[in-house]
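Chemist: Below you'll find the structure I mean.
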Amino acid sequence: MRKSKSLVVLVCSIVLGTQLIFSQTHAIQVDLKKIGSPIQKTMYGIFFEDINYGADGGLYAEMIKNRSFEFPQSLLGWTSFGKVEVRTDKPAFPNNPHYVRLSYPGHNVKQTGMDNEGFFGISVKQDAEYRFSVWARLPEGESSSIRIELIDPESSIFNSQTLTIDSKDWKKYQIVLKASKTELKGRLRIFLTSKNSLDIDHVSLFPVDTWKGRENGLRKDLAQALYDLHPGIFRFPGGCIVEGTDLNSRYEWKNSVGPVENRKLNENRWQYTFPNRFFPDYFQSYGMGFYELFQLSEDIGAEPLPVISCGLACQFQNHDDKENVAVNKLDPYIQDALDLIEFANGDVTTKWGKVRSDMGHPASFNLKMMAIGNEQWGSLYPERLEPFMKAIHAKYPNFKIVGTAGPSPDGKDFEFGWKEMKRLKADLVDEHYYKDPQWFLSNANRYDNYDRKGPKVFAGEYACHTKDRKNSFESALCEAAFMTGFERNADVVYQCTYAPLFAHVQGWQWKPDLIWFDNLRSVRSVNYYVQQLYGMNVGTNVLKTVENKLPLEGQDGIYASSVLDKNKNEIILKIVNTSDAEKKAAYTFNGMNKAERTGTHTILTSANPGQEKLDNPTAVVPVTNEIKVSGNTFEAILAPKSFNLYVIKL
Ligand code: AHR
């Protein structure tokens with residue numbers, strides 16, 4: 001008896017095992033005879049917002065926190081000793097009036113000075129160079145001096161250099177320090193080394209080796225990670241920070257341009273949005289402002305897409321219309337929008353074109369579109385958007401406007417938003433979705449039946465959120481599957497951007513995020529690689545891809561889409577197997593001759609999900625191998641839970 005029971009179990013296991021091994025073959029037809037819709041160059045892009053210390057303390061390479069002493073607590077981020085006074089009389093920079101006077105402490109063995117703690121430490125790499133600069137003046141005497149020191153957590157000095165101040169007028173001084181060791185948690189110390197007082201402002205420390213070597217530059221590894229995404233569009237500067245907690249704290253682009261020392265500080269709403277992740281020292285210096293963001297768009301080859309306030313304070317945080325600008329008082333906001341177009345594109349003889357040119361970019365940034373409002377809903381929004389659109393189109397008839405459908409991907413407000421965007425003839429509608437894996441998997445067909453005649457879709461913020469909200473292979477795979485739906489519907493989906501982009505390992509408020517970093521290192525998440533694989537393989541036209549005449553949208557766990565790249569003369573197949581079993585895909589390319597072809601197979605899969613960590617940045621990365629294709633058929637073996645990308649030369 002016992003023996004025959006085991007036999008049954010054995011036979012069952014073999015049958016089940018056989019099913020696993022010899023899984024169903026999916027017969028997929030790709031039509032090359034009828035080339036499908038063009039795919040926009042803007043299709044896959046980047047959304048940047050200063051959240052999770054993405055700008056100050058992140059991409060913006062400034063290492064000094066509160067460099068202009070403008071935080072509401074003037075010395076936040078600094079530890080002062082001896083005779084240190086915060087003053088505002090005869091300031092160097094009218095928009096940032098606070099500065100510090102360092103004076104003789106009254107006794108030869110006492111000391112005056114101050115330490116800056118940086119953003120989670122002042123972090124330097126051995127042998128790398130760091131440019132220290134400071135604006136200073138002498139309130140008395142002919143000369144004075146300070147010693148600039150890098151100190152480690154045990155208070156040992158590991159670099160120091162003296163700087164002499166020799167002018168009674170505000171003047172910029174700088175020195176370059178070469179770090180004698182690597183230190184993650186250092187501090188910068190300024191020691192007064194003379195009996196004469198001196199005034200200091202805009203104290204700054206940058207790595208010399210920034211992205212493109214710019215002095216007011218960006219962190220090289222982080223900017224490189226953006227470049228490597230091959231983005232087509234670059235949306236900035238938010239997100240919720242566009243709206244602010246109230247209108248006073250909204251992002252005002254005009255405060256973010258011109259000489260960096262005179263850019264007015266703004267609070268950052270992510271400082272207090274989540275009290276369990278509270279960061280009292282989180283402000284926006286605007287050191288990386290609109291000029292730098294346009295420049296970054298240009299550097300990474302993406303169309304810039306600025307977002308501006310539509311006069312509504314964050315609707316999540318303000319429930320009374322009194323907090324908003326009345327529709328008949330919107331003129332200054334509308335003027336900001338018009339001036340922004342002039343700043344980006346205007347001739348150097350125009351007021352704002354000259355500001356851009358004086359900053360170093362006489363050529364136009366070739367801005368073509370702007371988003372007005374972030375996540376707005378209800379009638380408050382269209383009644384404000386309308387006058388913006390009228391004024392912009394009166395001056396720039398072909399300028400594209402991106403409207404919003406609010407924070408949810410469905411429901412009453414979403415439907416109303418879309419109806420209004422159609423009525424107003426917005427060019428694109430920004431949709432946002434932070435949803436669970438199942439939503440992503442079952443919404444791969446989301447755009448199949450969208451109205452082709454109305455505004456186009458901009459999926460401006462999306463990410464798959466698992467329960468623990470960690471970056472994970474599972475979420476990345478769901479995103480890859482869902483994105484086949486973007487691609488298949490490229491006639492209606494014109495652009496998409498994952499969100500958020502960056503997170504400091506110590507300073508995050510929101511996760512998951514595409515790229516994690518500490519002060520010295522960064523890690524591209526597995527979700528990053530999905531975005532990159534799409535960004536590097538956009539193609540020029542959709543190719544109809546079906547099994548039994550139907551698009552592959554999750555049947556048997558398979559999601560697929562294909563494109564032609566006319567310029568490179570290749571076809572690109574994207575196919576995701578979300579199931580636990582290996583699958584086969586037998587492709588037939590209708591309209592392809594039977595020649596021998598070469599190509600590549602890139603696979604993103606993970607034997608050990610959750611392994612991507614700062615200490616192990618290459619744990620989950622795509623792997624590429626060469627393949628040969630003979631004839632107009634091709635069999636793909638799809639590993640369990642894998643995102644596969646085949647590039648076949650025509
Ligand atoms: O990406 C994080 C936030 O999510 C954005 O600021 C906002 O637009 C959305 O609610």
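Chain labels A, B, ... are given in the sequence in which chains occur in the structure tokens; within each chain residues are numbered consecutively from 1, and ligands are likewise numbered from 1 in the order shown.
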Please identify the residues whose atoms come within 10 Å of ligand 1, using only C-alpha atoms and all ligand atoms, and report them as a PyMOL selection string.
Modeler: chain A and resi 47-52+237-244+269-270+314+316+373-376+406-408+431-434+460-463+498-502+509-513
Chemist: From a DSSP pass on the backbone, collect the residues of range 126-316 of chain A flagged as strand (DSSP E) and hand them back as a PyMOL selection string.
Modeler: chain A and resi 129-137+144-151+157-165+171-178+183-192+198-207+233-236+266-267+283-284+303-308
Chemist: Counting only C-alpha atoms, give me one row per residue of range 50-103 of chain A with an atom at most 10 Å from an atom of range 173-189 of chain A, showing the shortest contact pair and its distance in Å to one decimal, sorted by chain then residue number, as a tab-separated table.
Modeler:
residue	atom	partner	partner_atom	distance
A:Met63	CA	A:Leu188	CA	9.4
A:Ile64	CA	A:Leu188	CA	8.3
A:Trp78	CA	A:Arg189	CA	9.4
A:Thr79	CA	A:Arg189	CA	9.1
A:Ser80	CA	A:Arg189	CA	9.5
Chemist: Quick one, how far is CA of Gln161 in chain A from CA of Asn262 in chain A?
Modeler: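 Computing the Euclidean distance for CA of Gln161 in chain A and CA of Asn262 in chain A yields 27.0 Å.
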Chemist: Could you pull out the alpha helix (DSSP H) residues of range 49-258 of chain A, going by DSSP on the backbone, and write them as a list in words?
Modeler: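 Reading the DSSP output for range 49-258 of chain A, alpha helix (DSSP H) covers Lys220, Asp221, Leu222, Ala223, Gln224, Ala225, Leu226, Tyr227, Cys240, Ile241, Val242 and Glu243 of chain A.
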Chemist: Calculated over only C-alpha atoms, which of the candidates A:Phe191, A:Tyr291, A:Trp516, A:Phe120 has the smallest distance to Pro259 in chain A?
Modeler: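 Residue with the minimum atom-to-atom distance to Pro259 in chain A: A:Tyr291.
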Chemist: Which polymer residues have any atom within 7 Å of an atom of Ala344 in chain A, counting only C-alpha atoms, with same-chain residues fewer than 4 positions away left out, as an mmCIF file with N, CA and C atoms, in the first residue's frame?
Modeler:
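See around05.cif below for the written result:
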data_model
loop_
_atom_site.group_PDB
_atom_site.id
_atom_site.type_symbol
_atom_site.label_atom_id
_atom_site.label_comp_id
_atom_site.auth_asym_id
_atom_site.auth_seq_id
_atom_site.Cartn_x
_atom_site.Cartn_y
_atom_site.Cartn_z
ATOM 1 N N LEU A 340 9.471 82.433 -18.607
ATOM 2 C CA LEU A 340 10.286 81.206 -18.627
ATOM 3 C C LEU A 340 10.583 80.796 -20.070
ATOM 4 N N GLY A 353 16.207 86.394 -21.988
ATOM 5 C CA GLY A 353 17.223 85.758 -22.834
ATOM 6 C C GLY A 353 18.616 86.251 -22.433
ATOM 7 N N SER A 364 19.723 79.241 -27.613
ATOM 8 C CA SER A 364 18.432 78.868 -27.028
ATOM 9 C C SER A 364 18.487 77.445 -26.459
ATOM 10 N N PHE A 365 17.703 77.197 -25.443
ATOM 11 C CA PHE A 365 17.571 75.820 -24.949
ATOM 12 C C PHE A 365 16.480 75.062 -25.725
ATOM 13 N N ASN A 366 15.845 75.757 -26.649
ATOM 14 C CA ASN A 366 14.889 75.117 -27.538
ATOM 15 C C ASN A 366 13.746 74.434 -26.783
ATOM 16 N N LEU A 367 13.189 75.184 -25.862
ATOM 17 C CA LEU A 367 12.078 74.656 -25.055
ATOM 18 C C LEU A 367 10.815 74.568 -25.914
#
Chemist: I want to know what sits within 10 Å of Arg147 in chain A, based on only C-alpha atoms, with residues of the same chain fewer than 3 positions away left out; could you give that as a list in words?
Modeler: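 In the requested form, the answer reads Gly113, Ser160, Gln161, Thr162, Leu163, Thr164, Arg189, Ile190, Phe191, Leu192, Thr193 and Ser194 of chain A.
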Chemist: Please produce a file of those selected residues containing all heavy atoms, as a short mmCIF file (atom, residue, chain, number, x, y, z; two decimals), in the first residue's frame.
Modeler:
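And here's selection-v4.cif as it stands now:
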data_model
loop_
_atom_site.label_atom_id
_atom_site.label_comp_id
_atom_site.auth_asym_id
_atom_site.auth_seq_id
_atom_site.Cartn_x
_atom_site.Cartn_y
_atom_site.Cartn_z
N GLY A 113 35.96 80.21 15.44
CA GLY A 113 35.78 79.53 14.14
C GLY A 113 34.47 78.80 14.09
O GLY A 113 33.60 78.98 14.94
N SER A 160 44.85 70.85 5.73
CA SER A 160 44.60 72.24 6.13
C SER A 160 45.37 73.19 5.23
O SER A 160 46.42 72.82 4.67
CB SER A 160 44.95 72.44 7.60
OG SER A 160 46.30 72.74 7.74
N GLN A 161 44.85 74.35 5.08
CA GLN A 161 45.47 75.37 4.25
C GLN A 161 45.02 76.74 4.75
O GLN A 161 43.87 76.89 5.17
CB GLN A 161 45.02 75.17 2.79
CG GLN A 161 46.10 75.50 1.79
CD GLN A 161 45.70 75.05 0.39
OE1 GLN A 161 45.42 73.87 0.18
NE2 GLN A 161 45.63 75.96 -0.54
N THR A 162 45.94 77.71 4.66
CA THR A 162 45.59 79.05 5.16
C THR A 162 45.19 79.96 4.01
O THR A 162 45.73 79.86 2.91
CB THR A 162 46.79 79.64 5.93
OG1 THR A 162 47.03 78.77 7.04
CG2 THR A 162 46.52 81.04 6.46
N LEU A 163 44.25 80.83 4.30
CA LEU A 163 43.74 81.75 3.29
C LEU A 163 43.83 83.17 3.85
O LEU A 163 43.36 83.42 4.97
CB LEU A 163 42.29 81.37 2.99
CG LEU A 163 41.54 82.08 1.90
CD1 LEU A 163 42.21 81.85 0.54
CD2 LEU A 163 40.11 81.55 1.84
N THR A 164 44.44 84.08 3.11
CA THR A 164 44.57 85.46 3.59
C THR A 164 43.49 86.32 2.96
O THR A 164 43.24 86.25 1.76
CB THR A 164 45.96 86.01 3.20
OG1 THR A 164 46.93 85.14 3.77
CG2 THR A 164 46.17 87.42 3.72
N ARG A 189 36.34 72.72 8.87
CA ARG A 189 36.51 73.70 9.95
C ARG A 189 37.15 74.97 9.41
O ARG A 189 38.10 74.91 8.62
CB ARG A 189 37.36 73.11 11.06
CG ARG A 189 37.66 74.08 12.17
CD ARG A 189 38.22 73.37 13.39
NE ARG A 189 37.23 72.48 13.99
CZ ARG A 189 37.52 71.53 14.88
NH1 ARG A 189 38.77 71.33 15.26
NH2 ARG A 189 36.57 70.77 15.38
N ILE A 190 36.60 76.09 9.85
CA ILE A 190 37.20 77.38 9.52
C ILE A 190 37.71 77.97 10.84
O ILE A 190 36.93 78.17 11.78
CB ILE A 190 36.16 78.34 8.90
CG1 ILE A 190 35.58 77.71 7.63
CG2 ILE A 190 36.77 79.70 8.62
CD1 ILE A 190 34.45 78.51 7.02
N PHE A 191 39.02 78.24 10.91
CA PHE A 191 39.67 78.77 12.11
C PHE A 191 40.11 80.20 11.84
O PHE A 191 40.81 80.44 10.85
CB PHE A 191 40.97 77.98 12.35
CG PHE A 191 40.95 77.10 13.56
CD1 PHE A 191 41.28 75.75 13.45
CD2 PHE A 191 40.67 77.62 14.81
CE1 PHE A 191 41.30 74.92 14.55
CE2 PHE A 191 40.69 76.80 15.91
CZ PHE A 191 41.00 75.45 15.79
N LEU A 192 39.73 81.13 12.67
CA LEU A 192 40.30 82.47 12.53
C LEU A 192 41.74 82.42 13.03
O LEU A 192 42.00 81.98 14.16
CB LEU A 192 39.48 83.47 13.35
CG LEU A 192 39.95 84.91 13.31
CD1 LEU A 192 39.73 85.51 11.91
CD2 LEU A 192 39.21 85.76 14.34
N THR A 193 42.70 82.85 12.23
CA THR A 193 44.12 82.73 12.65
C THR A 193 44.78 84.10 12.76
O THR A 193 45.99 84.23 12.67
CB THR A 193 44.90 81.86 11.63
OG1 THR A 193 44.63 82.32 10.31
CG2 THR A 193 44.51 80.41 11.74
N SER A 194 43.95 85.13 12.93
CA SER A 194 44.50 86.49 13.02
C SER A 194 43.74 87.24 14.10
O SER A 194 42.64 86.84 14.49
CB SER A 194 44.32 87.15 11.65
OG SER A 194 44.14 88.52 11.78
#
Chemist: Find the residues around Glu479 in chain A up to 9 Å (only C-alpha atoms counted), leave out those fewer than 4 positions away in its own chain, and share them as an MDAnalysis selection string.
Modeler: chainID A and resid 437 440:441 462:464 474:475 483:484 527 530:531
Chemist: Write the residues you've just listed into a file as a PDB file, in the first residue's frame, and include N, CA, C and O atoms for each of them.
Modeler:
ATOM      1  N   PRO A 437       2.076  45.568  -7.440  1.00  0.00           N
ATOM      2  CA  PRO A 437       2.470  44.741  -8.582  1.00  0.00           C
ATOM      3  C   PRO A 437       1.285  44.254  -9.400  1.00  0.00           C
ATOM      4  O   PRO A 437       1.309  44.282 -10.638  1.00  0.00           O
ATOM      5  N   PHE A 440       0.019  46.805 -11.815  1.00  0.00           N
ATOM      6  CA  PHE A 440       0.887  46.965 -12.988  1.00  0.00           C
ATOM      7  C   PHE A 440       0.680  45.828 -13.977  1.00  0.00           C
ATOM      8  O   PHE A 440       0.610  46.040 -15.186  1.00  0.00           O
ATOM      9  N   LEU A 441       0.559  44.605 -13.437  1.00  0.00           N
ATOM     10  CA  LEU A 441       0.413  43.465 -14.337  1.00  0.00           C
ATOM     11  C   LEU A 441      -0.935  43.481 -15.050  1.00  0.00           C
ATOM     12  O   LEU A 441      -1.025  43.153 -16.223  1.00  0.00           O
ATOM     13  N   TYR A 462       5.448  57.281 -12.142  1.00  0.00           N
ATOM     14  CA  TYR A 462       4.927  55.944 -11.884  1.00  0.00           C
ATOM     15  C   TYR A 462       6.037  55.102 -11.265  1.00  0.00           C
ATOM     16  O   TYR A 462       7.230  55.350 -11.481  1.00  0.00           O
ATOM     17  N   ALA A 463       5.616  54.154 -10.482  1.00  0.00           N
ATOM     18  CA  ALA A 463       6.529  53.163  -9.899  1.00  0.00           C
ATOM     19  C   ALA A 463       5.678  52.076  -9.290  1.00  0.00           C
ATOM     20  O   ALA A 463       4.591  52.346  -8.755  1.00  0.00           O
ATOM     21  N   CYS A 464       6.170  50.862  -9.372  1.00  0.00           N
ATOM     22  CA  CYS A 464       5.460  49.738  -8.764  1.00  0.00           C
ATOM     23  C   CYS A 464       5.866  49.659  -7.291  1.00  0.00           C
ATOM     24  O   CYS A 464       7.055  49.588  -6.975  1.00  0.00           O
ATOM     25  N   GLU A 474      11.131  42.203  -8.210  1.00  0.00           N
ATOM     26  CA  GLU A 474       9.702  41.973  -8.475  1.00  0.00           C
ATOM     27  C   GLU A 474       9.054  43.231  -9.070  1.00  0.00           C
ATOM     28  O   GLU A 474       8.363  43.181 -10.078  1.00  0.00           O
ATOM     29  N   SER A 475       9.320  44.386  -8.422  1.00  0.00           N
ATOM     30  CA  SER A 475       8.685  45.618  -8.923  1.00  0.00           C
ATOM     31  C   SER A 475       9.237  45.972 -10.302  1.00  0.00           C
ATOM     32  O   SER A 475       8.498  46.422 -11.185  1.00  0.00           O
ATOM     33  N   MET A 483       5.343  48.341 -19.162  1.00  0.00           N
ATOM     34  CA  MET A 483       5.871  49.278 -20.176  1.00  0.00           C
ATOM     35  C   MET A 483       5.731  48.744 -21.612  1.00  0.00           C
ATOM     36  O   MET A 483       5.800  49.520 -22.564  1.00  0.00           O
ATOM     37  N   THR A 484       5.513  47.436 -21.753  1.00  0.00           N
ATOM     38  CA  THR A 484       5.217  46.942 -23.111  1.00  0.00           C
ATOM     39  C   THR A 484       3.922  47.603 -23.605  1.00  0.00           C
ATOM     40  O   THR A 484       3.741  47.811 -24.792  1.00  0.00           O
ATOM     41  N   ASN A 527      15.312  48.623 -10.934  1.00  0.00           N
ATOM     42  CA  ASN A 527      14.288  49.371 -11.678  1.00  0.00           C
ATOM     43  C   ASN A 527      14.955  50.316 -12.677  1.00  0.00           C
ATOM     44  O   ASN A 527      14.432  50.564 -13.758  1.00  0.00           O
ATOM     45  N   VAL A 530      15.642  48.566 -15.939  1.00  0.00           N
ATOM     46  CA  VAL A 530      14.467  48.439 -16.821  1.00  0.00           C
ATOM     47  C   VAL A 530      14.302  49.725 -17.621  1.00  0.00           C
ATOM     48  O   VAL A 530      14.143  49.712 -18.847  1.00  0.00           O
ATOM     49  N   GLN A 531      14.382  50.858 -16.914  1.00  0.00           N
ATOM     50  CA  GLN A 531      14.248  52.143 -17.616  1.00  0.00           C
ATOM     51  C   GLN A 531      15.339  52.295 -18.664  1.00  0.00           C
ATOM     52  O   GLN A 531      15.106  52.773 -19.770  1.00  0.00           O
TER      53      GLN A 531
END
Chemist: Using only C-alpha atoms, which residues sit within 8 Å of Ile28 in chain A once same-chain residues fewer than 2 positions away are excluded, as a PyMOL selection string?
Modeler: chain A and resi 26+30+545-548+585-588
Chemist: Keeping only N, CA and C atoms, write the selected residues as a CSV table (one decimal), in the first residue's frame.
Modeler:
chain,number,residue,atom,x,y,z
A,26,HIS,N,4.7,29.9,-27.1
A,26,HIS,CA,3.9,31.0,-27.5
A,26,HIS,C,4.3,31.3,-29.0
A,30,VAL,N,5.2,38.8,-35.6
A,30,VAL,CA,5.6,40.3,-35.6
A,30,VAL,C,5.5,40.7,-37.1
A,545,THR,N,2.6,43.0,-32.7
A,545,THR,CA,3.1,41.8,-32.1
A,545,THR,C,2.0,41.1,-31.4
A,546,VAL,N,1.6,39.9,-32.0
A,546,VAL,CA,0.4,39.2,-31.4
A,546,VAL,C,0.6,37.7,-31.3
A,547,GLU,N,-0.2,37.1,-30.5
A,547,GLU,CA,-0.3,35.7,-30.4
A,547,GLU,C,-1.8,35.4,-30.6
A,548,ASN,N,-2.1,34.5,-31.6
A,548,ASN,CA,-3.5,34.3,-31.9
A,548,ASN,C,-4.3,35.6,-32.1
A,585,ALA,N,9.1,31.3,-26.7
A,585,ALA,CA,8.4,32.1,-27.6
A,585,ALA,C,8.9,31.9,-29.0
A,586,ALA,N,8.0,31.4,-29.9
A,586,ALA,CA,8.4,31.1,-31.2
A,586,ALA,C,7.9,32.3,-32.1
A,587,TYR,N,8.9,33.1,-32.4
A,587,TYR,CA,8.6,34.3,-33.2
A,587,TYR,C,8.5,34.0,-34.7
A,588,THR,N,7.6,34.6,-35.4
A,588,THR,CA,7.6,34.6,-36.9
A,588,THR,C,7.6,36.1,-37.3
Chemist: Taking into account only C-alpha atoms, which residue in the set A:Leu650, A:Ile401, A:Leu59, A:Leu520 is nearest to Gln126 in chain A?
Modeler: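 Once distances to Gln126 in chain A are computed over only C-alpha atoms, the minimum belongs to A:Leu520.
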Chemist: Rank A:Leu424, A:Ala92, A:Ile165, A:Ile575 by their smallest atom-to-atom distance to Ala636 in chain A, using only C-alpha atoms, and report the top residue only.
Modeler: A:Ile575
Chemist: Can you work out which one of A:Ile122, A:Ile146, A:Ala639, A:Val457 has the shortest atom-to-atom distance to Val429 in chain A, counting only C-alpha atoms?
Modeler: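 Closest residue, counting only C-alpha atoms: A:Val457.
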Chemist: What does the structure give for the distance between CA of Thr602 in chain A and CA of Arg521 in chain A, in Å to one decimal?
Modeler: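 For CA of Thr602 in chain A relative to CA of Arg521 in chain A, the distance reads 26.0 Å.
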Chemist: Find the residues near Ala136 in chain A: any atom within 8 Å, counting only C-alpha atoms, skip ones fewer than 6 places away on the same chain, and give them as a PyMOL selection string.
Modeler: chain A and resi 165+167+169-173+198-201
